[in-house]
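See below for entry.json, which holds JSON, C-alpha atoms.
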[["chain", "number", "residue", "atom", "x", "y", "z"],
["A", 1, "MET", "CA", -29.05, -57.37, 9.61],
["A", 2, "ALA", "CA", -28.18, -57.09, 5.92],
["A", 3, "ASN", "CA", -26.58, -53.87, 4.74],
["A", 4, "SER", "CA", -28.84, -51.62, 2.71],
["A", 5, "LYS", "CA", -29.02, -48.02, 1.61],
["A", 6, "TYR", "CA", -31.51, -47.42, 4.42],
["A", 7, "GLU", "CA", -29.19, -48.44, 7.23],
["A", 8, "TYR", "CA", -27.93, -44.87, 7.62],
["A", 9, "VAL", "CA", -31.01, -44.13, 9.79],
["A", 10, "LYS", "CA", -29.30, -45.96, 12.67],
["A", 11, "ALA", "CA", -27.08, -42.90, 13.03],
["A", 12, "PHE", "CA", -30.07, -40.98, 14.41],
["A", 13, "GLU", "CA", -30.24, -43.21, 17.50],
["A", 14, "GLN", "CA", -28.78, -41.35, 20.45],
["A", 15, "PRO", "CA", -26.90, -43.06, 23.30],
["A", 16, "ASP", "CA", -28.70, -42.94, 26.64],
["A", 17, "ILE", "CA", -26.22, -44.72, 28.91],
["A", 18, "LEU", "CA", -26.84, -44.01, 32.59],
["A", 19, "LEU", "CA", -23.91, -42.70, 34.62],
["A", 20, "PRO", "CA", -21.83, -45.61, 35.95],
["A", 21, "ASN", "CA", -21.29, -46.34, 39.63],
["A", 22, "THR", "CA", -24.62, -44.81, 40.65],
["A", 23, "TRP", "CA", -27.77, -46.34, 42.12],
["A", 24, "ILE", "CA", -30.60, -46.51, 39.58],
["A", 25, "VAL", "CA", -34.15, -45.98, 40.81],
["A", 26, "VAL", "CA", -36.94, -46.57, 38.32],
["A", 27, "ARG", "CA", -40.16, -45.07, 39.68],
["A", 28, "ILE", "CA", -43.42, -45.92, 37.96],
["A", 29, "ASP", "CA", -46.80, -44.24, 38.44],
["A", 30, "GLY", "CA", -50.29, -45.12, 37.32],
["A", 31, "ARG", "CA", -51.54, -42.91, 34.50],
["A", 32, "GLY", "CA", -54.91, -41.32, 35.25],
["A", 33, "PHE", "CA", -55.45, -43.57, 38.27],
["A", 34, "HIS", "CA", -57.80, -41.10, 39.95],
["A", 35, "LYS", "CA", -60.36, -41.77, 37.24],
["A", 36, "PHE", "CA", -59.35, -45.43, 37.05],
["A", 37, "SER", "CA", -59.94, -46.02, 40.78],
["A", 38, "ALA", "CA", -63.31, -44.26, 40.56],
["A", 39, "LYS", "CA", -64.33, -46.37, 37.56],
["A", 40, "TYR", "CA", -63.75, -49.60, 39.50],
["A", 41, "ALA", "CA", -65.00, -48.20, 42.81],
["A", 42, "PHE", "CA", -61.82, -48.66, 44.81],
["A", 43, "GLU", "CA", -62.52, -48.55, 48.54],
["A", 44, "LYS", "CA", -61.51, -45.36, 50.35],
["A", 45, "PRO", "CA", -59.13, -44.48, 51.91],
["A", 46, "ASN", "CA", -57.39, -47.75, 50.96],
["A", 47, "ASP", "CA", -58.38, -50.70, 48.82],
["A", 48, "ARG", "CA", -56.43, -53.73, 49.98],
["A", 49, "ARG", "CA", -57.18, -55.61, 46.76],
["A", 50, "ALA", "CA", -55.62, -52.84, 44.66],
["A", 51, "LEU", "CA", -52.53, -52.71, 46.86],
["A", 52, "ASP", "CA", -52.11, -56.49, 46.79],
["A", 53, "LEU", "CA", -52.38, -56.39, 43.00],
["A", 54, "MET", "CA", -49.62, -53.75, 42.83],
["A", 55, "ASN", "CA", -47.49, -55.95, 45.09],
["A", 56, "MET", "CA", -48.13, -59.03, 42.97],
["A", 57, "ALA", "CA", -47.00, -57.19, 39.83],
["A", 58, "SER", "CA", -43.93, -55.89, 41.67],
["A", 59, "LYS", "CA", -42.92, -59.39, 42.79],
["A", 60, "ALA", "CA", -43.16, -60.50, 39.16],
["A", 61, "VAL", "CA", -40.81, -57.68, 38.12],
["A", 62, "LEU", "CA", -38.23, -58.75, 40.72],
["A", 63, "THR", "CA", -38.56, -62.33, 39.52],
["A", 64, "ASP", "CA", -37.96, -61.33, 35.91],
["A", 65, "LEU", "CA", -35.16, -58.88, 36.75],
["A", 66, "PRO", "CA", -32.77, -60.30, 39.39],
["A", 67, "ASP", "CA", -30.70, -57.10, 39.09],
["A", 68, "ILE", "CA", -33.31, -55.28, 41.20],
["A", 69, "VAL", "CA", -32.27, -55.36, 44.87],
["A", 70, "ILE", "CA", -35.37, -53.84, 46.49],
["A", 71, "ALA", "CA", -38.67, -52.22, 45.54],
["A", 72, "TYR", "CA", -41.05, -49.99, 47.47],
["A", 73, "GLY", "CA", -44.68, -49.24, 46.70],
["A", 74, "ILE", "CA", -47.47, -46.98, 47.89],
["A", 75, "SER", "CA", -50.84, -46.32, 46.27],
["A", 76, "ASP", "CA", -50.34, -46.48, 42.47],
["A", 77, "GLU", "CA", -46.58, -45.87, 42.65],
["A", 78, "TYR", "CA", -43.61, -48.24, 42.82],
["A", 79, "SER", "CA", -39.85, -47.64, 43.00],
["A", 80, "PHE", "CA", -37.39, -50.29, 41.80],
["A", 81, "VAL", "CA", -33.76, -50.04, 42.89],
["A", 82, "PHE", "CA", -30.85, -51.36, 40.82],
["A", 83, "HIS", "CA", -27.45, -51.67, 42.51],
["A", 84, "LYS", "CA", -24.78, -49.18, 41.50],
["A", 85, "THR", "CA", -22.79, -52.00, 39.86],
["A", 86, "CYS", "CA", -25.72, -53.02, 37.67],
["A", 87, "ALA", "CA", -24.80, -53.53, 34.00],
["A", 88, "LEU", "CA", -28.23, -54.63, 32.75],
["A", 89, "PHE", "CA", -28.76, -53.62, 29.09],
["A", 90, "GLU", "CA", -25.37, -51.87, 29.33],
["A", 91, "ARG", "CA", -27.19, -49.35, 31.58],
["A", 92, "ARG", "CA", -29.24, -47.99, 28.69],
["A", 93, "GLU", "CA", -31.94, -45.87, 30.28],
["A", 94, "SER", "CA", -34.65, -46.47, 27.68],
["A", 95, "LYS", "CA", -34.21, -50.24, 27.83],
["A", 96, "ILE", "CA", -34.23, -50.41, 31.64],
["A", 97, "VAL", "CA", -37.21, -48.09, 32.14],
["A", 98, "SER", "CA", -39.31, -49.56, 29.33],
["A", 99, "THR", "CA", -38.64, -53.13, 30.53],
["A", 100, "VAL", "CA", -39.68, -52.33, 34.12],
["A", 101, "VAL", "CA", -42.81, -50.43, 33.04],
["A", 102, "SER", "CA", -43.95, -52.98, 30.45],
["A", 103, "THR", "CA", -43.30, -55.97, 32.73],
["A", 104, "PHE", "CA", -45.16, -54.37, 35.61],
["A", 105, "THR", "CA", -48.11, -53.33, 33.43],
["A", 106, "ALA", "CA", -48.37, -56.77, 31.83],
["A", 107, "HIS", "CA", -48.53, -58.53, 35.20],
["A", 108, "TYR", "CA", -50.92, -55.92, 36.64],
["A", 109, "ILE", "CA", -53.40, -56.65, 33.84],
["A", 110, "TYR", "CA", -52.74, -60.40, 33.90],
["A", 111, "HIS", "CA", -53.46, -60.71, 37.65],
["A", 112, "TRP", "CA", -56.38, -58.25, 37.72],
["A", 113, "ASN", "CA", -59.04, -60.99, 37.80],
["A", 114, "THR", "CA", -57.36, -62.61, 40.80],
["A", 115, "PHE", "CA", -58.15, -59.57, 42.94],
["A", 116, "PHE", "CA", -61.17, -58.15, 41.12],
["A", 117, "PRO", "CA", -62.98, -61.28, 39.84],
["A", 118, "GLU", "CA", -66.34, -59.53, 39.58],
["A", 119, "GLN", "CA", -65.01, -56.44, 37.78],
["A", 120, "PRO", "CA", -63.49, -57.40, 34.42],
["A", 121, "LEU", "CA", -61.21, -54.82, 32.83],
["A", 122, "THR", "CA", -62.59, -52.74, 29.99],
["A", 123, "LEU", "CA", -61.05, -50.05, 27.82],
["A", 124, "PRO", "CA", -59.20, -47.88, 28.56],
["A", 125, "LEU", "CA", -56.84, -50.40, 30.16],
["A", 126, "PRO", "CA", -54.56, -49.40, 33.07],
["A", 127, "SER", "CA", -51.12, -48.12, 32.13],
["A", 128, "PHE", "CA", -48.05, -46.77, 33.90],
["A", 129, "ASP", "CA", -45.32, -44.28, 33.11],
["A", 130, "GLY", "CA", -41.77, -44.42, 34.43],
["A", 131, "ARG", "CA", -38.55, -42.51, 34.88],
["A", 132, "ALA", "CA", -35.02, -43.29, 36.03],
["A", 133, "VAL", "CA", -33.26, -41.25, 38.71],
["A", 134, "LEU", "CA", -29.62, -41.73, 39.70],
["A", 135, "TYR", "CA", -28.27, -41.48, 43.25],
["A", 136, "PRO", "CA", -24.48, -41.40, 43.77],
["A", 137, "THR", "CA", -24.28, -42.52, 47.42],
["A", 138, "ILE", "CA", -25.87, -44.99, 49.80],
["A", 139, "GLN", "CA", -27.06, -42.09, 51.94],
["A", 140, "ASN", "CA", -28.77, -40.51, 48.92],
["A", 141, "LEU", "CA", -30.51, -43.81, 48.18],
["A", 142, "ARG", "CA", -31.62, -44.32, 51.77],
["A", 143, "ASP", "CA", -32.89, -40.75, 51.96],
["A", 144, "TYR", "CA", -34.92, -41.36, 48.80],
["A", 145, "MET", "CA", -36.49, -44.51, 50.26],
["A", 146, "SER", "CA", -37.12, -42.73, 53.57],
["A", 147, "TRP", "CA", -38.77, -39.84, 51.70],
["A", 148, "ARG", "CA", -41.20, -42.24, 50.02],
["A", 149, "GLN", "CA", -42.06, -43.98, 53.28],
["A", 150, "VAL", "CA", -42.57, -40.70, 55.13],
["A", 151, "ASP", "CA", -44.78, -39.60, 52.26],
["A", 152, "CYS", "CA", -46.79, -42.80, 52.69],
["A", 153, "HIS", "CA", -47.44, -42.03, 56.36],
["A", 154, "ILE", "CA", -48.33, -38.38, 55.79],
["A", 155, "ASN", "CA", -50.70, -39.15, 52.92],
["A", 156, "ASN", "CA", -52.34, -42.08, 54.65],
["A", 157, "LEU", "CA", -52.98, -40.18, 57.87],
["A", 158, "TYR", "CA", -54.58, -37.37, 55.89],
["A", 159, "ASN", "CA", -56.65, -39.69, 53.70],
["A", 160, "THR", "CA", -57.77, -41.79, 56.66],
["A", 161, "THR", "CA", -58.97, -38.71, 58.51],
["A", 162, "PHE", "CA", -60.48, -37.14, 55.38],
["A", 163, "TRP", "CA", -62.55, -40.19, 54.45],
["A", 164, "THR", "CA", -63.57, -40.88, 58.05],
["A", 165, "LEU", "CA", -65.02, -37.36, 58.25],
["A", 166, "ILE", "CA", -67.01, -38.12, 55.08],
["A", 167, "GLN", "CA", -68.03, -41.74, 55.65],
["A", 168, "GLN", "CA", -68.67, -41.60, 59.40],
["A", 169, "GLY", "CA", -68.95, -37.88, 60.05],
["A", 170, "GLY", "CA", -71.38, -37.13, 57.25],
["A", 171, "MET", "CA", -69.31, -34.28, 55.80],
["A", 172, "GLU", "CA", -69.13, -33.29, 52.17],
["A", 173, "PRO", "CA", -65.65, -33.51, 50.59],
["A", 174, "GLN", "CA", -65.20, -29.73, 50.60],
["A", 175, "GLU", "CA", -66.19, -29.56, 54.27],
["A", 176, "ALA", "CA", -63.71, -32.28, 55.21],
["A", 177, "GLU", "CA", -60.95, -30.60, 53.22],
["A", 178, "LYS", "CA", -61.63, -27.30, 54.96],
["A", 179, "ALA", "CA", -61.72, -28.96, 58.38],
["A", 180, "LEU", "CA", -58.27, -30.50, 57.84],
["A", 181, "ALA", "CA", -56.61, -27.46, 56.28],
["A", 182, "GLY", "CA", -53.46, -26.60, 58.24],
["A", 183, "THR", "CA", -53.86, -29.41, 60.79],
["A", 184, "LEU", "CA", -50.83, -31.20, 62.20],
["A", 185, "ALA", "CA", -50.44, -34.96, 62.55],
["A", 186, "ALA", "CA", -51.32, -34.86, 66.26],
["A", 187, "GLU", "CA", -54.54, -32.98, 65.47],
["A", 188, "LYS", "CA", -55.56, -35.54, 62.85],
["A", 189, "ASN", "CA", -54.91, -38.33, 65.34],
["A", 190, "GLU", "CA", -57.04, -36.50, 67.88],
["A", 191, "ILE", "CA", -59.91, -36.09, 65.41],
["A", 192, "LEU", "CA", -59.87, -39.81, 64.68],
["A", 193, "PHE", "CA", -59.69, -40.84, 68.33],
["A", 194, "SER", "CA", -61.95, -38.31, 70.06],
["A", 195, "ARG", "CA", -64.69, -38.19, 67.43],
["A", 196, "PHE", "CA", -64.64, -41.69, 65.96],
["A", 197, "ASN", "CA", -62.79, -43.81, 68.55],
["A", 198, "ILE", "CA", -60.18, -44.75, 65.96],
["A", 199, "ASN", "CA", -56.59, -45.28, 67.11],
["A", 200, "TYR", "CA", -54.48, -44.62, 64.03],
["A", 201, "ASN", "CA", -51.68, -46.76, 65.47],
["A", 202, "ASN", "CA", -53.94, -49.78, 65.06],
["A", 203, "GLU", "CA", -54.36, -49.27, 61.31],
["A", 204, "ALA", "CA", -52.85, -52.00, 59.11],
["A", 205, "GLU", "CA", -49.09, -51.62, 58.61],
["A", 206, "ILE", "CA", -49.43, -51.87, 54.83],
["A", 207, "TYR", "CA", -51.38, -48.59, 54.86],
["A", 208, "LYS", "CA", -49.03, -46.77, 57.23],
["A", 209, "LYS", "CA", -45.67, -48.04, 55.97],
["A", 210, "GLY", "CA", -46.29, -49.10, 52.39],
["A", 211, "SER", "CA", -44.90, -52.29, 50.83],
["A", 212, "ILE", "CA", -41.26, -53.36, 50.63],
["A", 213, "VAL", "CA", -40.48, -56.12, 48.14],
["A", 214, "LEU", "CA", -37.17, -57.97, 48.49],
["A", 215, "ARG", "CA", -35.52, -61.37, 48.42],
["A", 216, "ASP", "CA", -35.87, -63.32, 51.63],
["A", 217, "TYR", "CA", -32.49, -64.17, 53.13],
["A", 218, "GLU", "CA", -31.61, -64.88, 56.75],
["A", 219, "LEU", "CA", -31.52, -61.70, 58.81],
["A", 220, "VAL", "CA", -28.21, -60.90, 60.50],
["A", 221, "GLU", "CA", -27.59, -59.30, 63.84],
["A", 222, "PRO", "CA", -26.74, -55.57, 63.57],
["A", 223, "GLY", "CA", -22.99, -54.99, 63.56],
["A", 224, "THR", "CA", -22.04, -58.55, 62.57],
["A", 225, "SER", "CA", -21.93, -58.08, 58.80],
["A", 226, "HIS", "CA", -18.50, -57.81, 57.20],
["A", 227, "GLU", "CA", -19.67, -56.87, 53.71],
["A", 228, "PRO", "CA", -17.58, -53.97, 52.36],
["A", 229, "LEU", "CA", -19.61, -50.90, 51.48],
["A", 230, "ASP", "CA", -17.15, -48.62, 49.73],
["A", 231, "GLU", "CA", -19.03, -45.60, 48.44],
["A", 232, "ASN", "CA", -16.27, -44.72, 46.01],
["A", 233, "SER", "CA", -15.50, -48.15, 44.58],
["A", 234, "ALA", "CA", -15.75, -48.23, 40.79],
["A", 235, "LYS", "CA", -14.65, -51.42, 39.05],
["A", 236, "THR", "CA", -12.09, -51.26, 36.29],
["A", 237, "VAL", "CA", -12.77, -53.07, 33.01],
["A", 238, "GLU", "CA", -10.32, -55.79, 34.05],
["A", 239, "GLU", "CA", -12.03, -56.26, 37.41],
["A", 240, "GLN", "CA", -15.41, -56.47, 35.72],
["A", 241, "GLN", "CA", -14.15, -59.21, 33.42],
["A", 242, "LEU", "CA", -12.62, -61.17, 36.31],
["A", 243, "SER", "CA", -15.80, -60.98, 38.37],
["A", 244, "LYS", "CA", -18.23, -62.09, 35.65],
["A", 245, "THR", "CA", -18.15, -65.71, 36.84],
["A", 246, "GLN", "CA", -18.91, -64.67, 40.42],
["A", 247, "GLU", "CA", -21.66, -62.34, 39.24],
["A", 248, "GLU", "CA", -23.29, -65.20, 37.37],
["A", 249, "LYS", "CA", -23.15, -67.35, 40.51],
["A", 250, "ASP", "CA", -24.72, -64.53, 42.52],
["A", 251, "ARG", "CA", -27.43, -64.10, 39.90],
["A", 252, "LYS", "CA", -28.36, -67.79, 40.19],
["A", 253, "ARG", "CA", -28.45, -67.55, 43.98],
["A", 254, "ARG", "CA", -30.73, -64.53, 43.78],
["A", 255, "ALA", "CA", -33.03, -66.41, 41.42],
["A", 256, "LYS", "CA", -33.45, -69.15, 44.05],
["A", 257, "ALA", "CA", -34.42, -66.76, 46.84],
["A", 258, "ARG", "CA", -38.07, -66.35, 47.78],
["A", 259, "ILE", "CA", -39.44, -62.87, 47.07],
["A", 260, "THR", "CA", -41.49, -61.42, 49.93],
["A", 261, "VAL", "CA", -43.57, -58.35, 50.65],
["A", 262, "GLN", "CA", -42.97, -56.68, 54.00],
["A", 263, "HIS", "CA", -44.53, -53.70, 55.75],
["A", 264, "VAL", "CA", -41.84, -52.49, 58.13],
["A", 265, "ASP", "CA", -39.86, -49.36, 58.96],
["A", 266, "MET", "CA", -36.96, -48.93, 56.53],
["A", 267, "ILE", "CA", -35.93, -45.48, 57.76],
["A", 268, "LYS", "CA", -33.98, -46.70, 60.78],
["A", 269, "ASP", "CA", -30.45, -48.12, 60.43],
["A", 270, "GLU", "CA", -31.54, -51.50, 61.75],
["A", 271, "PHE", "CA", -33.48, -52.34, 58.58],
["A", 272, "TRP", "CA", -30.36, -52.02, 56.41],
["A", 273, "GLU", "CA", -27.93, -53.49, 58.97],
["A", 274, "ARG", "CA", -30.00, -56.67, 59.25],
["A", 275, "ARG", "CA", -30.16, -56.96, 55.44],
["A", 276, "PRO", "CA", -26.60, -56.21, 54.29],
["A", 277, "TRP", "CA", -27.22, -57.86, 50.90],
["A", 278, "LEU", "CA", -29.34, -54.87, 49.83],
["A", 279, "LEU", "CA", -26.35, -52.54, 49.74],
["A", 280, "SER", "CA", -23.53, -55.01, 49.08],
["A", 281, "ASN", "CA", -25.42, -56.82, 46.29],
["A", 282, "LYS", "CA", -24.05, -60.11, 47.63],
["A", 283, "PRO", "CA", -26.82, -62.69, 48.17],
["A", 284, "GLY", "CA", -27.36, -63.81, 51.77],
["A", 285, "LYS", "CA", -28.17, -67.24, 53.15],
["A", 286, "ILE", "CA", -31.39, -68.87, 52.02],
["A", 287, "PRO", "CA", -33.56, -69.53, 55.12],
["A", 288, "LYS", "CA", -33.98, -73.18, 56.01],
["A", 289, "GLU", "CA", -37.39, -74.71, 55.44],
["A", 290, "PRO", "CA", -39.37, -74.99, 58.70]]
For this file, produce the structure as structure tokens.
Amino acid sequence: MANSKYEYVKAFEQPDILLPNTWIVVRIDGRGFHKFSAKYAFEKPNDRRALDLMNMASKAVLTDLPDIVIAYGISDEYSFVFHKTCALFERRESKIVSTVVSTFTAHYIYHWNTFFPEQPLTLPLPSFDGRAVLYPTIQNLRDYMSWRQVDCHINNLYNTTFWTLIQQGGMEPQEAEKALAGTLAAEKNEILFSRFNINYNNEAEIYKKGSIVLRDYELVEPGTSHEPLDENSAKTVEEQQLSKTQEEKDRKRRAKARITVQHVDMIKDEFWERRPWLLSNKPGKIPKEP
């Protein structure tokens, strides 16, 4: 850029570098999606098309940004996790958040017709907001992911019972809300089973557990991984320079991996032990073609 008398305005730009050696979670949420879902008549309590569209957009984000190690989505929300060693955009918060949000939104709109072919989008178009939250330890990160998955179960059990009371029980929304006020999970399960012969355990896993998006490497047996997971390891500048070649190789390996959507329990240790690459950030073995 040529020097000019106007260049002084660059001094007003403030640095927004995220704290190093911390896990970055970018969580996005649909803006005004209550009205949006009503406008396009999303099925209640869950619209599989809408969830599959969210998952499609999320897979596209992981494809475009290999630095993301795992993503988790429920309803109109998605969380994208960057490894603590991530140096994308020099860890500038505005760049990372805006790139995730804009990439996700673009693919959500682009793929809309694939899942809603008979309902073309009209103004106002769907949009998402985002924020970045930092977690210093692996335990903090896992607790965050567990919190979101527990939230998925709690909300889905409530919504399933609520809409069953309305759709099959003939209740008005206010009646159903009053009937469920203060009820425990066991009581909601009992309402579904005794009154409507619905076993909540048989509901689709995507509704109960949400969607986990990650790169598909060969699973390992628990306890056999030798990947170091040092919570306090922070690379020096010299170490970062020396490892750039290896990081580039890892990036290429990640780009070759197939990105999958899974609906499994990620609260238990087994999920992380069988997928050591999520925490070590070292790509695993690409599964052999069947």
Residue contacts of A:Tyr135 (12 Å, only C-alpha atoms) excluding same-chain residues fewer than 5 positions away, as a compact mmCIF listing (two decimals) with C-alpha atoms, in the coordinates of the input:
# COMPACT_ATOMS: atom_id res chain seq x y z
CA LEU A 18 -26.84 -44.01 32.59
CA LEU A 19 -23.91 -42.70 34.62
CA PRO A 20 -21.83 -45.61 35.95
CA ASN A 21 -21.29 -46.34 39.63
CA THR A 22 -24.62 -44.81 40.65
CA TRP A 23 -27.77 -46.34 42.12
CA ILE A 24 -30.60 -46.51 39.58
CA VAL A 25 -34.15 -45.98 40.81
CA VAL A 26 -36.94 -46.57 38.32
CA VAL A 81 -33.76 -50.04 42.89
CA PHE A 82 -30.85 -51.36 40.82
CA HIS A 83 -27.45 -51.67 42.51
CA LYS A 84 -24.78 -49.18 41.50
CA ASN A 140 -28.77 -40.51 48.92
CA LEU A 141 -30.51 -43.81 48.18
CA ARG A 142 -31.62 -44.32 51.77
CA ASP A 143 -32.89 -40.75 51.96
CA TYR A 144 -34.92 -41.36 48.80
CA MET A 145 -36.49 -44.51 50.26
CA GLU A 231 -19.03 -45.60 48.44
**Message:** Counting all atoms listed in the file, I want the residues whose atoms come within 10 Å of (-35.0, -47.2, 37.8) in the file frame, returned as a VMD selection string.
**Reply:** chain A and resid 23 to 28 68 71 79 to 83 93 96 to 98 100 to 101 130 to 134
Compile the contact shell of stretch 154-166 of chain A as a PDB file with C-alpha atoms, in the coordinates of the input: residues with an atom at most 7 Å away, counting all atoms listed in the file, same-chain residues fewer than 4 positions apart removed.
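Output below, filename result30.pdb:
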ATOM      1  CA  LYS A  44     -61.510 -45.360  50.350  1.00  0.00           C
ATOM      2  CA  PRO A  45     -59.130 -44.480  51.910  1.00  0.00           C
ATOM      3  CA  VAL A 150     -42.570 -40.700  55.130  1.00  0.00           C
ATOM      4  CA  GLY A 170     -71.380 -37.130  57.250  1.00  0.00           C
ATOM      5  CA  MET A 171     -69.310 -34.280  55.800  1.00  0.00           C
ATOM      6  CA  GLU A 172     -69.130 -33.290  52.170  1.00  0.00           C
ATOM      7  CA  PRO A 173     -65.650 -33.510  50.590  1.00  0.00           C
ATOM      8  CA  ALA A 176     -63.710 -32.280  55.210  1.00  0.00           C
ATOM      9  CA  GLU A 177     -60.950 -30.600  53.220  1.00  0.00           C
ATOM     10  CA  LYS A 188     -55.560 -35.540  62.850  1.00  0.00           C
ATOM     11  CA  LEU A 192     -59.870 -39.810  64.680  1.00  0.00           C
ATOM     12  CA  TYR A 207     -51.380 -48.590  54.860  1.00  0.00           C
ATOM     13  CA  LYS A 208     -49.030 -46.770  57.230  1.00  0.00           C
TER      14      LYS A 208
END
**Item:** Selection near stretch 248-257 of chain A, 10 Å with all atoms listed in the file, sequence-local residues under 3 positions removed, as a PyMOL selection string
**Value:** chain A and resi 62-69+214-217+243-245+260+281-287
**Neighbour list for A:Ile206 as a VMD selection string, cut-off 10 Å, all atoms listed in the file, skip fewer than 3 positions in-chain** = chain A and resid 46 48 51 to 52 73 to 74 152 203 209 to 212 261 to 264
**Asked** With only C-alpha atoms as the atoms that count, which of A:Phe89, A:Phe271, A:Trp147, A:Phe42 lies nearest to A:Phe116?
**Response**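 That would be A:Phe42, the residue with the smallest distance to A:Phe116.
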**Prompt:** In Å to one decimal, how far is atom CA of A:Gly169 from atom CA of A:Gln119?
**Reply:**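 Atom CA of A:Gly169 lies 29.3 Å from atom CA of A:Gln119.
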**Request:** Find, counting all atoms listed in the file, the residue in A:Lys95, A:His107, A:Lys39, A:Arg148 that gets nearest to A:Tyr72.
**Result:** A:Arg148
**Request:** Would you mind telling me which residue in A:Leu219, A:Leu180, A:Cys86, A:Ile191 lies nearest to A:Glu247 when using only C-alpha atoms?
**Result:** A:Cys86
**Asked** By how many Å are atom CA of A:Leu184 and atom CA of A:Gln168 apart?
**Response**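 Rounded to one decimal, the two atoms are 20.8 Å apart.
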**Request:** Would you mind telling me which residue in A:Gly32, A:Gly223, A:Gly182, A:Pro15 lies nearest to A:Phe128 when using all atoms listed in the file?
**Result:**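 Of all the options, A:Gly32 lies closest to A:Phe128.
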**Item:** Test item: residues at most 8 Å from A:Arg31, only C-alpha atoms, excluding those fewer than 4 positions along its chain, as JSON, numbers by chain
**Value:** {"A": [126, 127, 128, 129]}
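Among the candidates A:Gln174, A:Glu43, A:Arg258, A:Ile70, the one nearest to A:Arg275 when counting all atoms listed in the file is A:Ile70.
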Write out as AutoDock Vina command-line options an axis-aligned box for stretch 125-131 of chain A: all of its atoms listed in the file, 5 Å added on each side, centre and edge lengths in Å with one decimal.
--center_x -47.7 --center_y -46.5 --center_z 32.5 --size_x 28.3 --size_y 17.9 --size_z 14.7
**Asked** When distances are computed from only C-alpha atoms, which of A:Phe104, A:Tyr200, A:Tyr110, A:Phe12 shows the smallest separation from A:Asp76?
**Response** A:Phe104
**Request:** Could you check how far atom CA of A:Lys35 sits from atom CA of A:Leu125, in Å to one decimal?
**Result:** 11.7 Å
Could you write stretch 124-135 of chain A as a PDB file, in the coordinates of the input, with N, CA and C atoms rebuilt where they are missing?
ATOM      1  N   PRO A 124     -60.647 -47.819  28.762  1.00  0.00           N
ATOM      2  CA  PRO A 124     -59.200 -47.880  28.560  1.00  0.00           C
ATOM      3  C   PRO A 124     -58.518 -48.713  29.641  1.00  0.00           C
ATOM      4  N   LEU A 125     -57.552 -49.522  29.235  1.00  0.00           N
ATOM      5  CA  LEU A 125     -56.840 -50.400  30.160  1.00  0.00           C
ATOM      6  C   LEU A 125     -55.870 -49.595  31.023  1.00  0.00           C
ATOM      7  N   PRO A 126     -55.516 -50.100  32.201  1.00  0.00           N
ATOM      8  CA  PRO A 126     -54.560 -49.400  33.070  1.00  0.00           C
ATOM      9  C   PRO A 126     -53.177 -49.349  32.436  1.00  0.00           C
ATOM     10  N   SER A 127     -52.480 -48.255  32.638  1.00  0.00           N
ATOM     11  CA  SER A 127     -51.120 -48.120  32.130  1.00  0.00           C
ATOM     12  C   SER A 127     -50.291 -47.318  33.120  1.00  0.00           C
ATOM     13  N   PHE A 128     -48.976 -47.418  32.963  1.00  0.00           N
ATOM     14  CA  PHE A 128     -48.050 -46.770  33.900  1.00  0.00           C
ATOM     15  C   PHE A 128     -46.963 -46.044  33.115  1.00  0.00           C
ATOM     16  N   ASP A 129     -46.483 -44.948  33.695  1.00  0.00           N
ATOM     17  CA  ASP A 129     -45.320 -44.280  33.110  1.00  0.00           C
ATOM     18  C   ASP A 129     -44.143 -44.481  34.059  1.00  0.00           C
ATOM     19  N   GLY A 130     -42.936 -44.191  33.592  1.00  0.00           N
ATOM     20  CA  GLY A 130     -41.770 -44.420  34.430  1.00  0.00           C
ATOM     21  C   GLY A 130     -40.635 -43.476  34.106  1.00  0.00           C
ATOM     22  N   ARG A 131     -39.738 -43.341  35.055  1.00  0.00           N
ATOM     23  CA  ARG A 131     -38.550 -42.510  34.880  1.00  0.00           C
ATOM     24  C   ARG A 131     -37.412 -43.128  35.682  1.00  0.00           C
ATOM     25  N   ALA A 132     -36.192 -42.818  35.301  1.00  0.00           N
ATOM     26  CA  ALA A 132     -35.020 -43.290  36.030  1.00  0.00           C
ATOM     27  C   ALA A 132     -34.316 -42.115  36.685  1.00  0.00           C
ATOM     28  N   VAL A 133     -33.996 -42.277  37.968  1.00  0.00           N
ATOM     29  CA  VAL A 133     -33.260 -41.250  38.710  1.00  0.00           C
ATOM     30  C   VAL A 133     -32.017 -41.901  39.289  1.00  0.00           C
ATOM     31  N   LEU A 134     -30.892 -41.190  39.223  1.00  0.00           N
ATOM     32  CA  LEU A 134     -29.620 -41.730  39.700  1.00  0.00           C
ATOM     33  C   LEU A 134     -29.239 -41.111  41.042  1.00  0.00           C
ATOM     34  N   TYR A 135     -28.727 -41.956  41.942  1.00  0.00           N
ATOM     35  CA  TYR A 135     -28.270 -41.480  43.250  1.00  0.00           C
ATOM     36  C   TYR A 135     -26.832 -41.961  43.455  1.00  0.00           C
TER      37      TYR A 135
END
